[in-house]
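Structure first, then comments.
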Amino acid sequence: MVEPLTIAVIDAQTVADLRDEGDDLLIDLIDLFVSETPERTRVLAAALAAGEREQIERTTHSLKSTAATFGAEAMRALAAEAEMAARAGQFERVADLFPTLQREADQVHEALAAERGKIVS
Amino acid sequence: MIARALIIDDSAFMRRIIRHHLTKSGCKVIGEAENAAQGLRMFHELKPDLITLDVMMPEAEGMDSLCALREMRAALPDLTAIMVSAVPFDKIRDSYLKEGALAYIVKPFTQFSFEPVRQKLLRVFRQNAA
C-alpha cells in the first residue's frame, strides 16, 4: 500500500534556520504568532460576515505571510488560495476555506508552542 | 558609519526578522512602518540612510511600494533601498533594480540568503564613511 503524502505542520528546517539566528528571535516570532493569529482569524470571520473586501484581502495576505515565516505550507497554501479568491471577489470560496484555514492555524499554534517549550526547557 | 534604517513591511514577523539581520549587520533601526504611506511619512520625518521595502504590501491610502520608492528617491537620490519580496521573478527584480534599489531579496530569508545583501551594505556604507 502506498503511504499518503503528508505535509509537516511547520517545516523543521525553517524553524531550525530561525533558531540558528538565536533563541530570542524564534521566541519573539512564536510569541507574535500566538498573540496575533487568533486576532487575525477573528477579524477575517467578522470581515467575511460583513463582506468587507479590503479587510478580507488584507487578513488573508497577512495569514499567508505569517505561515510562510515558519514554513507552515498547508496553512500558507490555504491562506494564499483564500487571498486569491478574495481578490477575485469570491467571498463564498473564502468562507468555504475558512474553517480549514482556522484548523490549520490551530495546529501551527500547537506545533510552535511545542517548539517554544523545547527552547525554554 | 552606522547606517540608520527604516523597515517598511506589513508583516510584523518580517519586520522582526529584518530588524535582526540589519542589526547584526551593524545598522541601527530607527523606525518601522506597516504600509507604504506610513513608511513615506516616517521617511520624511526620520531621514534614514537605508530603507527596506516590502514589494507586495496591500495598498494603503492610495500608495503602493513602487510609488513610495520613487518619491523617496526623488527626495533623496542617494537613498539605499533594499526590496523585500515573496516573488522570485527576474523581471520584477530587474524593474526595481532599475528604479535604483541596491538589492532585491526574496523571503523568507536566512543568514545565507541575506549575506550578499550584507556585503553590499558594507561596501556602500564603508564607501560613504571614507
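Identifiers in this document derive from the order of the C-alpha cells: chains are assigned A, B, ..., residues are numbered from 1 separately in each chain, and ligands are numbered from 1 in order of occurrence.
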
Query raised in the report: Counting only C-alpha atoms, which residues of chain A come no farther than 10 Å from chain B, as a ChimeraX atom specification?
Result: /A:14,17-18,20-22,24-26,28-30,32-33,36,54,57-59,61-71

With a distance cut-off of 12 Å and only C-alpha atoms, select the neighbouring residues of Arg103 of chain A, excluding the residue or stretch itself and same-chain residues fewer than 3 positions from it, and output the selection as a short mmCIF file (atom, residue, chain, number, x, y, z; two decimals) with C-alpha atoms, in the first residue's frame.
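And here is the file that came out, result_4.cif:
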```
data_model
loop_
_atom_site.label_atom_id
_atom_site.label_comp_id
_atom_site.auth_asym_id
_atom_site.auth_seq_id
_atom_site.Cartn_x
_atom_site.Cartn_y
_atom_site.Cartn_z
CA VAL A 9 2.56 21.39 10.00
CA THR A 37 -3.05 34.91 14.69
CA PRO A 38 -6.22 34.32 16.77
CA THR A 41 -8.77 34.86 12.21
CA ALA A 74 -0.57 23.81 4.35
CA MET A 75 -1.63 26.98 6.18
CA LEU A 78 -4.87 27.78 2.17
CA ALA A 79 -4.34 31.46 3.01
CA LEU A 97 -11.85 27.71 3.07
CA PHE A 98 -12.08 29.50 6.41
CA PRO A 99 -12.82 26.53 8.76
CA THR A 100 -9.92 24.52 7.31
CA ASP A 106 -4.58 25.99 15.41
CA GLN A 107 -2.28 23.10 14.50
CA VAL A 108 0.56 25.51 13.68
CA HIS A 109 -0.09 27.19 17.03
CA GLU A 110 0.27 23.84 18.82
#
```

Query raised in the report: Which of chain B counts as helix (DSSP H, G or I) under DSSP, as an MDAnalysis selection string please?
Result: chainID B and resid 12:24 36:46 65:75 90:98 111:129

Requested in this report: Going by DSSP on the backbone, which bits of chain B are strand (DSSP E or B)? Write them as a ChimeraX atom specification, please.
Outcome: /B:4-8,28-33,50-54,60,63,80-85,103-106

Query raised in the report: Of the residues B:Arg70, B:Lys91, B:Arg4, B:Arg41, which is the one nearest to Lys28 of chain B, using only C-alpha atoms?
Result: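 Answer, going by the shortest atom-to-atom distance: B:Arg4.
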
Query raised in the report: With only C-alpha atoms as the atoms that count, which of B:Leu40, B:Ile8, B:Val55, B:Ala33 lies nearest to Ser95 of chain B?
Result: B:Val55

Report task. Write out as a ChimeraX atom specification each polymer residue whose atoms come within 10 Å of Ser25 of chain B, counting only C-alpha atoms; drop sequence neighbours fewer than 6 positions from it. Result -> /B:2-3,19,114-115,117-119,121-122

Query raised in the report: What is the atom CA of Glu34 of chain B-atom CA of Asp9 of chain B distance in Å, reported with one decimal?
Result: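 Here the two named atoms are 5.0 Å from each other.
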
Query - Residue neighbourhood Leu76 of chain B, 9 Å, only C-alpha atoms, exclusion window fewer than 4 positions, as number ranges by chain - result: B: 47, 71-72
